[in-house]
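A.B. asks: Structure file query-v2.cif (mmCIF, C-alpha atoms and all ligand atoms) right here:
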data_entry
#
loop_
_atom_site.label_atom_id
_atom_site.label_comp_id
_atom_site.auth_asym_id
_atom_site.auth_seq_id
_atom_site.Cartn_x
_atom_site.Cartn_y
_atom_site.Cartn_z
CA MET A 1 37.50 -67.50 -1.65
CA ASN A 2 33.82 -67.15 -2.42
CA TYR A 3 33.09 -64.08 -0.35
CA LYS A 4 34.40 -60.54 -0.65
CA ALA A 5 33.60 -57.32 1.20
CA GLN A 6 30.82 -55.48 -0.66
CA ARG A 7 31.86 -52.82 -3.19
CA GLY A 8 32.56 -49.55 -1.40
CA THR A 9 33.10 -51.24 1.97
CA PHE A 10 36.35 -52.31 3.61
CA ASP A 11 37.83 -53.91 6.70
CA ILE A 12 39.77 -51.95 9.30
CA LEU A 13 42.75 -54.20 9.99
CA PRO A 14 44.58 -54.46 13.34
CA GLU A 15 47.57 -52.32 12.35
CA GLU A 16 45.24 -49.43 11.50
CA GLU A 17 43.52 -49.47 14.88
CA GLY A 18 46.00 -46.98 16.34
CA ILE A 19 45.36 -44.35 13.69
CA TRP A 20 41.56 -44.78 13.86
CA ASN A 21 41.64 -44.51 17.66
CA LYS A 22 43.79 -41.42 17.50
CA VAL A 23 41.32 -39.68 15.18
CA GLN A 24 38.31 -40.72 17.24
CA GLN A 25 39.95 -39.73 20.53
CA THR A 26 41.04 -36.36 19.17
CA CYS A 27 37.48 -35.68 17.96
CA PHE A 28 35.91 -36.71 21.28
CA GLU A 29 38.42 -34.89 23.49
CA THR A 30 38.22 -31.68 21.46
CA ALA A 31 34.40 -31.72 21.46
CA ARG A 32 34.36 -32.33 25.23
CA LEU A 33 36.68 -29.35 25.77
CA PHE A 34 33.93 -27.22 24.21
CA GLY A 35 31.30 -28.74 26.53
CA TYR A 36 29.78 -31.11 23.94
CA ARG A 37 28.26 -34.45 24.97
CA TYR A 38 27.96 -37.79 23.20
CA ILE A 39 24.73 -38.90 21.56
CA GLU A 40 24.11 -42.13 19.68
CA THR A 41 21.05 -42.76 17.56
CA PRO A 42 20.00 -46.00 15.80
CA ILE A 43 21.63 -46.94 12.52
CA PHE A 44 18.25 -47.33 10.83
CA GLU A 45 15.25 -45.02 10.91
CA GLU A 46 11.92 -44.72 9.16
CA SER A 47 12.73 -43.70 5.54
CA GLY A 48 10.33 -40.75 5.78
CA LEU A 49 12.66 -39.04 8.24
CA PHE A 50 15.39 -38.67 5.63
CA GLU A 51 12.95 -37.86 2.81
CA ARG A 52 11.65 -35.00 4.94
CA THR A 53 14.99 -33.67 6.17
CA VAL A 54 17.71 -34.44 3.65
CA GLY A 55 15.20 -33.58 0.90
CA GLU A 56 13.31 -35.68 -1.62
CA ASP A 57 15.11 -34.13 -4.60
CA THR A 58 18.61 -34.76 -3.30
CA ASP A 59 20.95 -37.39 -4.73
CA ILE A 60 21.10 -38.99 -1.30
CA VAL A 61 17.38 -39.67 -1.04
CA GLU A 62 16.78 -40.28 -4.74
CA LYS A 63 19.60 -42.65 -5.49
CA GLU A 64 21.76 -43.43 -2.53
CA MET A 65 19.68 -44.69 0.37
CA TYR A 66 19.73 -48.30 1.47
CA SER A 67 15.98 -48.61 1.95
CA PHE A 68 13.85 -51.69 2.41
CA ASP A 69 10.59 -52.93 3.84
CA ASP A 70 11.21 -54.79 7.07
CA LYS A 71 9.32 -57.94 8.03
CA GLY A 72 6.58 -55.86 9.63
CA GLY A 73 6.11 -53.88 6.40
CA ASP A 74 7.71 -50.63 7.62
CA ASN A 75 9.89 -48.83 5.11
CA ILE A 76 13.19 -48.16 6.78
CA SER A 77 16.59 -46.86 5.66
CA LEU A 78 20.15 -47.19 6.88
CA ARG A 79 21.12 -43.67 7.90
CA PRO A 80 22.94 -41.78 5.11
CA GLU A 81 23.90 -39.08 7.65
CA ASN A 82 23.20 -38.37 11.31
CA THR A 83 21.78 -34.84 11.60
CA ALA A 84 18.25 -36.06 10.89
CA GLY A 85 18.54 -38.77 13.57
CA VAL A 86 19.96 -36.37 16.15
CA CYS A 87 17.16 -33.86 15.51
CA ARG A 88 14.54 -36.62 15.76
CA ALA A 89 16.12 -37.70 19.08
CA PHE A 90 16.23 -34.07 20.29
CA ILE A 91 12.49 -33.67 19.72
CA GLU A 92 11.42 -37.15 20.83
CA ASN A 93 13.36 -36.98 24.11
CA GLY A 94 12.20 -33.45 24.93
CA LEU A 95 15.72 -32.00 24.89
CA HIS A 96 14.23 -28.57 24.15
CA ASN A 97 13.13 -28.59 27.81
CA THR A 98 16.75 -28.78 28.94
CA THR A 99 19.15 -25.83 29.06
CA LEU A 100 19.79 -24.73 25.51
CA PRO A 101 21.78 -24.86 23.40
CA SER A 102 22.21 -28.64 23.39
CA ARG A 103 25.81 -29.30 22.51
CA LEU A 104 26.00 -32.79 21.03
CA PHE A 105 28.50 -34.96 19.17
CA TYR A 106 28.17 -38.34 17.46
CA TYR A 107 30.36 -40.93 15.78
CA GLY A 108 29.44 -43.95 13.70
CA PRO A 109 28.90 -45.60 10.33
CA MET A 110 26.75 -44.04 7.58
CA PHE A 111 25.55 -45.69 4.37
CA ARG A 112 25.17 -44.31 0.86
CA TYR A 113 24.87 -46.26 -2.37
CA GLU A 114 27.42 -44.12 -4.22
CA ARG A 115 29.83 -44.92 -7.02
CA PRO A 116 32.92 -45.94 -5.02
CA GLN A 117 36.16 -44.04 -5.67
CA SER A 118 39.02 -42.68 -3.63
CA GLY A 119 37.48 -41.06 -0.53
CA ARG A 120 33.96 -42.18 -1.43
CA TYR A 121 32.57 -45.36 0.09
CA ARG A 122 29.21 -47.03 0.59
CA GLN A 123 29.81 -47.54 4.30
CA PHE A 124 31.84 -44.77 5.90
CA HIS A 125 32.17 -43.14 9.30
CA GLN A 126 31.30 -39.65 10.35
CA PHE A 127 32.10 -37.70 13.47
CA GLY A 128 29.72 -34.81 13.86
CA ILE A 129 28.83 -31.86 16.04
CA GLU A 130 25.35 -30.40 16.47
CA CYS A 131 24.72 -27.24 18.49
CA ILE A 132 20.94 -26.93 18.81
CA GLY A 133 19.11 -23.91 20.22
CA ASP A 134 21.24 -20.82 19.54
CA ASP A 135 20.99 -18.62 16.44
CA SER A 136 24.08 -16.52 17.10
CA PRO A 137 26.96 -16.38 14.60
CA ASP A 138 29.19 -16.97 17.63
CA VAL A 139 28.11 -20.61 17.70
CA ASP A 140 28.74 -20.90 13.95
CA PHE A 141 32.26 -19.83 14.78
CA GLU A 142 32.41 -22.22 17.75
CA VAL A 143 31.51 -25.17 15.53
CA ILE A 144 33.98 -24.11 12.84
CA LYS A 145 36.66 -23.71 15.53
CA ILE A 146 36.03 -27.22 16.93
CA ALA A 147 36.64 -28.63 13.45
CA TRP A 148 39.78 -26.54 13.14
CA ASP A 149 41.10 -27.65 16.55
CA ILE A 150 40.55 -31.30 15.61
CA LEU A 151 42.43 -30.93 12.32
CA SER A 152 45.11 -28.86 13.96
CA ASN A 153 45.54 -31.36 16.86
CA LEU A 154 45.96 -34.05 14.21
CA ASN A 155 48.76 -31.95 12.68
CA PHE A 156 47.03 -31.18 9.41
CA ASN A 157 48.87 -28.63 7.29
CA ASN A 158 47.38 -27.19 4.13
CA VAL A 159 43.72 -27.26 5.02
CA LEU A 160 41.49 -24.45 3.91
CA LEU A 161 38.13 -23.42 5.31
CA ASN A 162 35.61 -22.51 2.59
CA VAL A 163 32.64 -20.46 3.80
CA ASN A 164 29.56 -18.99 2.24
CA SER A 165 26.12 -17.83 3.31
CA LEU A 166 22.88 -19.01 1.72
CA GLY A 167 20.70 -16.49 3.56
CA ASP A 168 17.25 -17.52 4.77
CA SER A 169 14.59 -19.33 2.73
CA LYS A 170 13.18 -16.07 1.33
CA ASP A 171 16.65 -14.97 0.19
CA ARG A 172 17.19 -18.36 -1.34
CA PHE A 173 14.01 -18.14 -3.36
CA ILE A 174 15.02 -14.77 -4.83
CA TYR A 175 18.56 -15.99 -5.44
CA THR A 176 17.37 -19.18 -7.12
CA GLU A 177 15.29 -17.13 -9.56
CA GLU A 178 18.39 -15.06 -10.42
CA LEU A 179 20.40 -18.21 -10.87
CA LYS A 180 17.80 -19.67 -13.22
CA LYS A 181 17.88 -16.49 -15.30
CA TYR A 182 21.67 -16.74 -15.53
CA PHE A 183 21.90 -20.44 -16.39
CA SER A 184 19.02 -20.29 -18.88
CA LYS A 185 21.42 -18.36 -21.14
CA TYR A 186 23.73 -21.38 -21.16
CA ILE A 187 21.17 -24.15 -21.00
CA ASN A 188 22.31 -25.75 -24.26
CA ASP A 189 25.93 -25.88 -23.07
CA LEU A 190 25.12 -27.61 -19.79
CA PRO A 191 25.73 -31.37 -19.53
CA LYS A 192 22.66 -33.57 -19.08
CA VAL A 193 23.05 -33.93 -15.31
CA ASP A 194 23.13 -30.17 -14.85
CA LYS A 195 20.19 -29.61 -17.22
CA LEU A 196 18.27 -31.88 -14.87
CA ARG A 197 19.46 -29.86 -11.89
CA PHE A 198 18.32 -26.70 -13.68
CA GLU A 199 14.78 -28.11 -13.74
CA ARG A 200 14.69 -29.47 -10.23
CA SER A 201 17.23 -27.75 -8.01
CA PRO A 202 19.13 -24.91 -9.72
CA LEU A 203 21.26 -24.17 -6.65
CA ARG A 204 22.97 -27.52 -7.05
CA ILE A 205 24.32 -26.59 -10.46
CA LEU A 206 26.92 -24.66 -8.47
CA ASP A 207 27.93 -27.93 -6.83
CA SER A 208 28.57 -29.56 -10.23
CA LYS A 209 31.78 -31.47 -10.86
CA GLU A 210 31.51 -31.01 -14.67
CA ASP A 211 34.30 -28.83 -16.08
CA ILE A 212 32.08 -26.90 -18.46
CA THR A 213 29.57 -26.12 -15.70
CA ILE A 214 32.34 -25.01 -13.35
CA LYS A 215 33.54 -22.61 -16.06
CA ILE A 216 30.05 -21.22 -16.69
CA SER A 217 29.45 -20.88 -12.93
CA GLU A 218 32.41 -18.55 -12.50
CA GLU A 219 30.31 -15.57 -13.53
CA ALA A 220 27.07 -16.73 -11.89
CA PRO A 221 25.32 -14.44 -9.40
CA LYS A 222 26.63 -14.74 -5.85
CA THR A 223 24.44 -15.60 -2.87
CA LEU A 224 26.07 -12.86 -0.81
CA ASP A 225 24.67 -10.21 -3.19
CA PHE A 226 21.13 -11.40 -2.58
CA ILE A 227 20.85 -12.18 1.12
CA SER A 228 18.89 -10.01 3.58
CA SER A 229 20.67 -7.47 5.76
CA GLU A 230 20.03 -9.73 8.75
CA SER A 231 21.75 -12.69 7.08
CA LEU A 232 24.54 -10.45 5.83
CA GLY A 233 25.11 -9.12 9.37
CA HIS A 234 25.28 -12.72 10.61
CA HIS A 235 27.80 -13.57 7.91
CA GLU A 236 29.95 -10.50 8.58
CA ASN A 237 30.06 -11.28 12.28
CA LEU A 238 31.33 -14.76 11.51
CA ILE A 239 33.97 -13.32 9.19
CA LEU A 240 35.19 -10.99 11.97
CA ASN A 241 35.73 -14.04 14.17
CA LEU A 242 37.55 -15.86 11.36
CA GLU A 243 39.79 -12.85 10.76
CA GLU A 244 40.63 -12.76 14.46
CA LEU A 245 41.51 -16.46 14.43
CA ARG A 246 43.66 -16.04 11.34
CA SER A 247 45.52 -13.13 12.90
CA HIS A 248 46.81 -15.20 15.81
CA ASP A 249 46.95 -18.70 14.29
CA LYS A 250 49.16 -18.58 11.23
CA LYS A 251 48.18 -22.09 10.13
CA PHE A 252 44.50 -21.23 9.87
CA ASN A 253 43.22 -19.94 6.57
CA TYR A 254 39.81 -19.44 4.98
CA LYS A 255 38.22 -18.18 1.83
CA ILE A 256 34.75 -17.10 0.87
CA ASN A 257 33.65 -19.58 -1.76
CA ASN A 258 30.65 -18.30 -3.71
CA ARG A 259 30.04 -21.69 -5.28
CA LEU A 260 29.68 -23.47 -1.94
CA VAL A 261 26.02 -24.43 -1.57
CA ARG A 262 26.22 -27.95 -0.01
CA GLY A 263 24.13 -30.89 -1.11
CA LEU A 264 21.39 -31.02 1.51
CA ASP A 265 18.11 -29.14 1.44
CA TYR A 266 17.97 -27.95 5.00
CA TYR A 267 20.89 -25.52 5.18
CA ASN A 268 20.47 -21.77 5.63
CA LYS A 269 22.85 -18.88 6.35
CA THR A 270 26.37 -20.21 7.08
CA VAL A 271 27.68 -23.18 5.08
CA PHE A 272 31.28 -24.37 5.23
CA GLU A 273 33.73 -27.08 4.25
CA TYR A 274 37.32 -27.82 5.15
CA THR A 275 39.37 -29.04 2.20
CA SER A 276 42.86 -30.52 2.00
CA ASP A 277 45.04 -30.29 -1.11
CA SER A 278 44.08 -33.83 -2.25
CA LEU A 279 42.03 -33.87 -5.43
CA GLY A 280 38.45 -35.08 -5.83
CA PRO A 281 36.13 -36.20 -3.06
CA GLN A 282 39.07 -37.24 -0.84
CA GLY A 283 39.95 -33.53 -0.53
CA VAL A 284 36.72 -32.56 1.25
CA LEU A 285 37.37 -33.51 4.85
CA LEU A 286 34.20 -32.19 6.44
CA GLY A 287 31.21 -30.04 5.75
CA GLY A 288 28.51 -28.33 7.70
CA GLY A 289 26.37 -25.32 8.23
CA ARG A 290 23.35 -23.81 9.87
CA TYR A 291 20.03 -25.59 9.55
CA ASP A 292 17.57 -23.42 11.45
CA PRO A 293 14.35 -24.70 9.78
CA LEU A 294 14.96 -28.42 10.33
CA ILE A 295 13.65 -29.05 13.84
CA LYS A 296 10.37 -27.31 13.02
CA ILE A 297 10.05 -29.24 9.75
CA LEU A 298 10.22 -32.40 11.89
CA GLY A 299 7.38 -31.21 14.12
CA GLY A 300 9.45 -29.71 16.94
CA GLN A 301 9.48 -26.15 18.23
CA ASP A 302 11.21 -23.58 16.07
CA THR A 303 14.83 -24.17 17.16
CA PRO A 304 17.91 -22.88 15.31
CA ALA A 305 20.89 -25.19 14.94
CA VAL A 306 24.32 -25.51 13.40
CA GLY A 307 26.73 -28.42 12.94
CA PHE A 308 29.19 -30.33 10.79
CA ALA A 309 30.01 -33.88 9.75
CA MET A 310 33.58 -35.03 9.26
CA GLY A 311 34.47 -37.98 7.03
CA ILE A 312 36.69 -40.17 9.19
CA GLU A 313 38.03 -42.27 6.28
CA ARG A 314 39.16 -39.11 4.52
CA VAL A 315 40.96 -37.85 7.63
CA VAL A 316 42.53 -41.29 8.22
CA ASN A 317 43.64 -41.54 4.55
CA GLU A 318 45.37 -38.16 4.79
CA LEU A 319 47.09 -39.10 8.06
CA LYS A 320 48.28 -42.41 6.66
CA LYS A 321 50.39 -40.47 4.17
CA ASN A 322 52.50 -39.15 7.06
CA ILE A 323 52.15 -41.54 9.99
CA ASP A 324 53.49 -45.09 10.03
CA VAL A 325 50.92 -47.69 10.91
CA GLU A 326 51.34 -49.19 14.36
CA LYS A 327 53.81 -52.12 14.25
CA ASN A 328 54.55 -52.65 17.89
CA TYR A 329 51.73 -54.26 19.79
CA VAL A 330 53.46 -56.72 22.12
CA ASP A 331 55.93 -55.96 24.91
CA ALA A 332 56.94 -59.47 25.88
CA VAL A 333 56.91 -62.92 24.32
CA ILE A 334 57.46 -65.72 26.79
CA ILE A 335 59.90 -68.30 25.48
CA VAL A 336 59.29 -71.57 27.28
CA THR A 337 62.61 -73.42 27.33
CA ASP A 338 61.21 -76.45 29.18
CA GLU A 339 57.86 -77.75 27.92
CA ASN A 340 56.99 -79.03 31.41
CA LEU A 341 56.70 -75.44 32.56
CA ARG A 342 53.76 -74.36 30.37
CA ILE A 343 51.42 -74.00 33.37
CA GLU A 344 53.95 -71.84 35.25
CA SER A 345 54.35 -69.75 32.07
CA VAL A 346 50.64 -69.01 31.99
CA GLN A 347 50.89 -67.76 35.57
CA ILE A 348 53.88 -65.57 34.80
CA ALA A 349 52.20 -64.20 31.67
CA ASN A 350 49.29 -63.15 33.85
CA ASN A 351 51.63 -61.41 36.31
CA LEU A 352 53.18 -59.52 33.40
CA ARG A 353 49.77 -58.48 32.08
CA ASN A 354 48.75 -57.36 35.58
CA SER A 355 51.66 -54.92 35.36
CA ASN A 356 50.31 -53.67 32.02
CA ILE A 357 52.95 -55.48 29.99
CA ARG A 358 51.37 -56.77 26.76
CA THR A 359 52.32 -60.44 26.71
CA ILE A 360 51.98 -63.47 24.45
CA ILE A 361 53.27 -66.98 25.20
CA ALA A 362 55.19 -68.28 22.19
CA PRO A 363 53.63 -71.26 20.39
CA LYS A 364 54.74 -74.76 21.40
CA LYS A 365 57.79 -75.09 19.12
CA SER A 366 61.57 -75.31 19.34
CA ILE A 367 63.33 -72.50 21.23
CA LYS A 368 64.70 -71.20 17.94
CA ALA A 369 61.23 -71.12 16.40
CA GLN A 370 59.83 -69.39 19.50
CA MET A 371 62.51 -66.69 19.13
CA ARG A 372 61.73 -66.30 15.45
CA PHE A 373 58.07 -65.82 16.39
CA ALA A 374 59.01 -63.10 18.93
CA ASN A 375 61.10 -61.27 16.33
CA ASN A 376 58.52 -61.63 13.58
CA ILE A 377 55.78 -59.99 15.61
CA ASN A 378 58.13 -57.15 16.62
CA SER A 379 57.93 -57.89 20.33
CA LYS A 380 59.95 -55.48 22.45
CA SER A 381 61.38 -58.35 24.50
CA ALA A 382 61.68 -62.10 24.95
CA VAL A 383 61.22 -63.41 28.50
CA PHE A 384 62.76 -66.85 29.09
CA ILE A 385 61.20 -69.35 31.45
CA GLY A 386 63.08 -72.54 32.24
CA LYS A 387 64.04 -74.73 35.19
CA ASN A 388 67.00 -72.53 36.17
CA GLU A 389 64.93 -69.38 36.12
CA LEU A 390 62.27 -70.88 38.37
CA GLU A 391 64.84 -72.31 40.80
CA ASN A 392 66.55 -68.90 41.10
CA GLN A 393 63.25 -67.00 41.10
CA LYS A 394 64.64 -64.84 38.26
CA LEU A 395 63.53 -64.28 34.67
CA SER A 396 66.00 -63.79 31.83
CA VAL A 397 64.94 -61.01 29.53
CA LYS A 398 66.32 -60.16 26.11
CA LEU A 399 65.50 -56.82 24.52
CA LEU A 400 64.82 -57.42 20.84
CA GLN A 401 64.59 -53.96 19.38
CA THR A 402 67.60 -52.31 20.97
CA LYS A 403 71.10 -53.73 21.17
CA SER A 404 69.82 -57.22 22.09
CA GLU A 405 70.77 -56.60 25.71
CA GLN A 406 70.14 -59.49 28.05
CA PHE A 407 69.58 -59.24 31.81
CA GLU A 408 67.73 -60.80 34.75
CA ILE A 409 64.83 -59.53 36.81
CA ASP A 410 63.25 -60.83 40.02
CA ILE A 411 60.32 -63.06 39.23
CA ASP A 412 57.99 -61.08 41.52
CA ASP A 413 59.10 -57.63 40.40
CA MET A 414 57.47 -57.03 37.05
CA ASN A 415 57.61 -53.28 37.51
CA GLN A 416 61.36 -53.49 37.04
CA LEU A 417 60.73 -54.93 33.55
CA LYS A 418 58.05 -52.39 32.81
CA LYS A 419 60.44 -49.54 33.55
CA ILE A 420 63.08 -51.02 31.26
CA LEU A 421 60.59 -51.58 28.44
CA ASN A 422 59.30 -48.04 28.66
CA SER A 423 62.73 -46.42 28.86
P1 LIG A 501 27.79 -34.71 3.91
O1 LIG A 501 27.02 -35.47 4.97
O2 LIG A 501 27.48 -35.15 2.53
O3 LIG A 501 27.74 -33.24 4.13
O4 LIG A 501 29.32 -35.12 4.11
C1 LIG A 501 30.09 -34.71 5.20
C2 LIG A 501 31.44 -35.36 5.11
O5 LIG A 501 31.30 -36.77 5.18
C3 LIG A 501 32.14 -35.12 3.78
O6 LIG A 501 32.87 -33.93 3.81
C4 LIG A 501 33.04 -36.32 3.69
O7 LIG A 501 34.22 -36.10 4.43
C5 LIG A 501 32.24 -37.40 4.34
N1 LIG A 501 31.55 -38.24 3.34
C6 LIG A 501 30.37 -38.00 2.72
N2 LIG A 501 30.05 -39.01 1.88
C7 LIG A 501 31.05 -39.91 1.96
C8 LIG A 501 31.32 -41.16 1.34
N3 LIG A 501 30.47 -41.72 0.47
N4 LIG A 501 32.47 -41.82 1.67
C9 LIG A 501 33.34 -41.27 2.55
N5 LIG A 501 33.14 -40.11 3.18
C10 LIG A 501 32.02 -39.42 2.89
#
What does the file become when written as structure tokens?
Ligand code: AMP

C.D. replies:
Amino acid sequence: MNYKAQRGTFDILPEEEGIWNKVQQTCFETARLFGYRYIETPIFEESGLFERTVGEDTDIVEKEMYSFDDKGGDNISLRPENTAGVCRAFIENGLHNTTLPSRLFYYGPMFRYERPQSGRYRQFHQFGIECIGDDSPDVDFEVIKIAWDILSNLNFNNVLLNVNSLGDSKDRFIYTEELKKYFSKYINDLPKVDKLRFERSPLRILDSKEDITIKISEEAPKTLDFISSESLGHHENLILNLEELRSHDKKFNYKINNRLVRGLDYYNKTVFEYTSDSLGPQGVLLGGGRYDPLIKILGGQDTPAVGFAMGIERVVNELKKNIDVEKNYVDAVIIVTDENLRIESVQIANNLRNSNIRTIIAPKKSIKAQMRFANNINSKSAVFIGKNELENQKLSVKLLQTKSEQFEIDIDDMNQLKKILNS
């Protein structure tokens, strides 16, 4: 075949639909339980929006955006993430005039030109939460708890919450200077990519995946030693909530991770990630934090906010290790034993579907081949339609997945069949 899916993209095939739906439904239902409402923003935006919010020096904006001039000459980008779009929508639609905080959730595809590997794609899906208009650590906890409830409802074991605080922008400036002082001692040992980070964005050295840098970072100054008393109070309040959660939910666990700084420019105070025990990018299931300065940077009123984005592929990949993909998708295959009765079969198929019985009419082939078809697609039953059946106003039904029982039902009582199929 001449055409292939683009590198870093993939198809979601029918048997995976169940698992994808389960994840999406769990996310939506959990968010709604916390009073969050759905928002959807366009998949492309003016490139400037991401340059301004994600940050011009970030990998995302520098190397990973799908940007192009459209036919009208505007420079637009496929969204690499959705916080910027949600904040733009918040300001543009005057949501600050509604009762705050705005509790919002989104779901959809994001695009980053990254080097594909396990858990890292060029088109991927994120579910995300944004709580806009409340600066209390209680909402940091709320957002972290929503993520936990989703993972917990999906039966995740072995996930760990990593938290840290970056303080406010003043704290970050002071901390960055300290960090520069520390890493300047090791500048010749740092790999090229981290030397570059040293020049442009020292905080991100802590995010490095290079072994030598990770080793050097172990003794680096910690943000928590440099943040203001206000930021520290905020952090400690969050930790009290986390301790409380841990005391009554034995599956929940967290650690303070001094190296957690997150890739985007707009975070302040709380940052967090949930990790599974899988190695590499696949192990980071979701990340988030507080981004109080962002709405103002975009020209809105000064409005604090906090949120997270969950990588749906990563969650699905983890679940696939434990859940079988959906095999059963048909309840009844109609076996037409007399080819003159095709029209009647269509009618009966419709009656079955009206009773919520998922039904396919077997292809026009021999009875044996029709039965093979029913077995091959894992149908729960075969429903026979022939002259005798129509004369007696009965349908013969054979259950295919249990002991091959065979019985008759009244032709106008599909509920009888439904009960048997569900039992
Ligand atoms: P970020 O927007 O970079 O903070 O990422 C939030 C979450 O989205 C991560 O924790 C991942 O689960 C997921 N994610 C980010 N980039 C990718 C990618 N290229 N492929 C798959 N999932 C991703």

A.B. asks: Please indicate the distance in Å from CA of Arg358 in chain A to CA of Leu390 in chain A, rounded to one decimal place.

C.D. replies: 21.3 Å

A.B. asks: Rank A:Leu104, A:Arg204, A:Asp171, A:Phe124 by their smallest atom-to-atom distance to Asp11 in chain A, using all atoms listed in the file, and report the top residue only.

C.D. replies: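 Among the listed residues, the smallest separation from Asp11 in chain A belongs to A:Phe124.
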
A.B. asks: Just give me the gap between CA of Tyr106 in chain A and CA of Ile39 in chain A in Å, one decimal is fine.

C.D. replies: 5.4 Å

A.B. asks: Looking at A:Ile343, A:Leu260, A:Met110, A:Ala382, which one is nearest to ligand LIG 501 (chain A), with distances taken over only C-alpha atoms and all ligand atoms?

C.D. replies: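 Nearest to ligand LIG 501 (chain A): A:Met110.
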
A.B. asks: Mind pulling up the distance from CA of Val333 in chain A to CA of Ser396 in chain A?

C.D. replies: 11.8 Å

A.B. asks: Mind checking which residues fall within 8 Å of range 217-229 of chain A, counting all atoms listed in the file, ignoring those fewer than 4 positions away in the same chain, and posting them as a list in words?

C.D. replies: Asn164, Ser165, Leu166, Gly167, Asp168, Asp171, Arg172, Ile174, Tyr175, Glu178, Leu179, Tyr182, Phe183, Leu206, Thr213, Gly233, Asn258 and Arg259 of chain A

A.B. asks: Throw together the list of residues within 6 Å of ligand LIG 501 (chain A), counting all atoms listed in the file, and drop it here as an MDAnalysis selection string.

C.D. replies: chainID A and resid 81 112 119:122 124 126 284:287 309:311 314

A.B. asks: Skip Lys180 in chain A itself and residues of its chain fewer than 4 positions away, then list as an NGL selection string all residues within 7 Å of it, counting only C-alpha atoms.

C.D. replies: :A and (176 or 184 or 202)

A.B. asks: Near Asn392 in chain A, counting all atoms listed in the file, which residues have an atom at most 9 Å away, once you skip same-chain residues fewer than 5 positions from it, shown as a PyMOL selection string?

C.D. replies: chain A and resi 387+410-411

A.B. asks: Counting only C-alpha atoms, figure out which residue out of A:Glu339, A:Asp412, A:Ile256, A:Val330 gets nearest to Asn378 in chain A.

C.D. replies: A:Val330
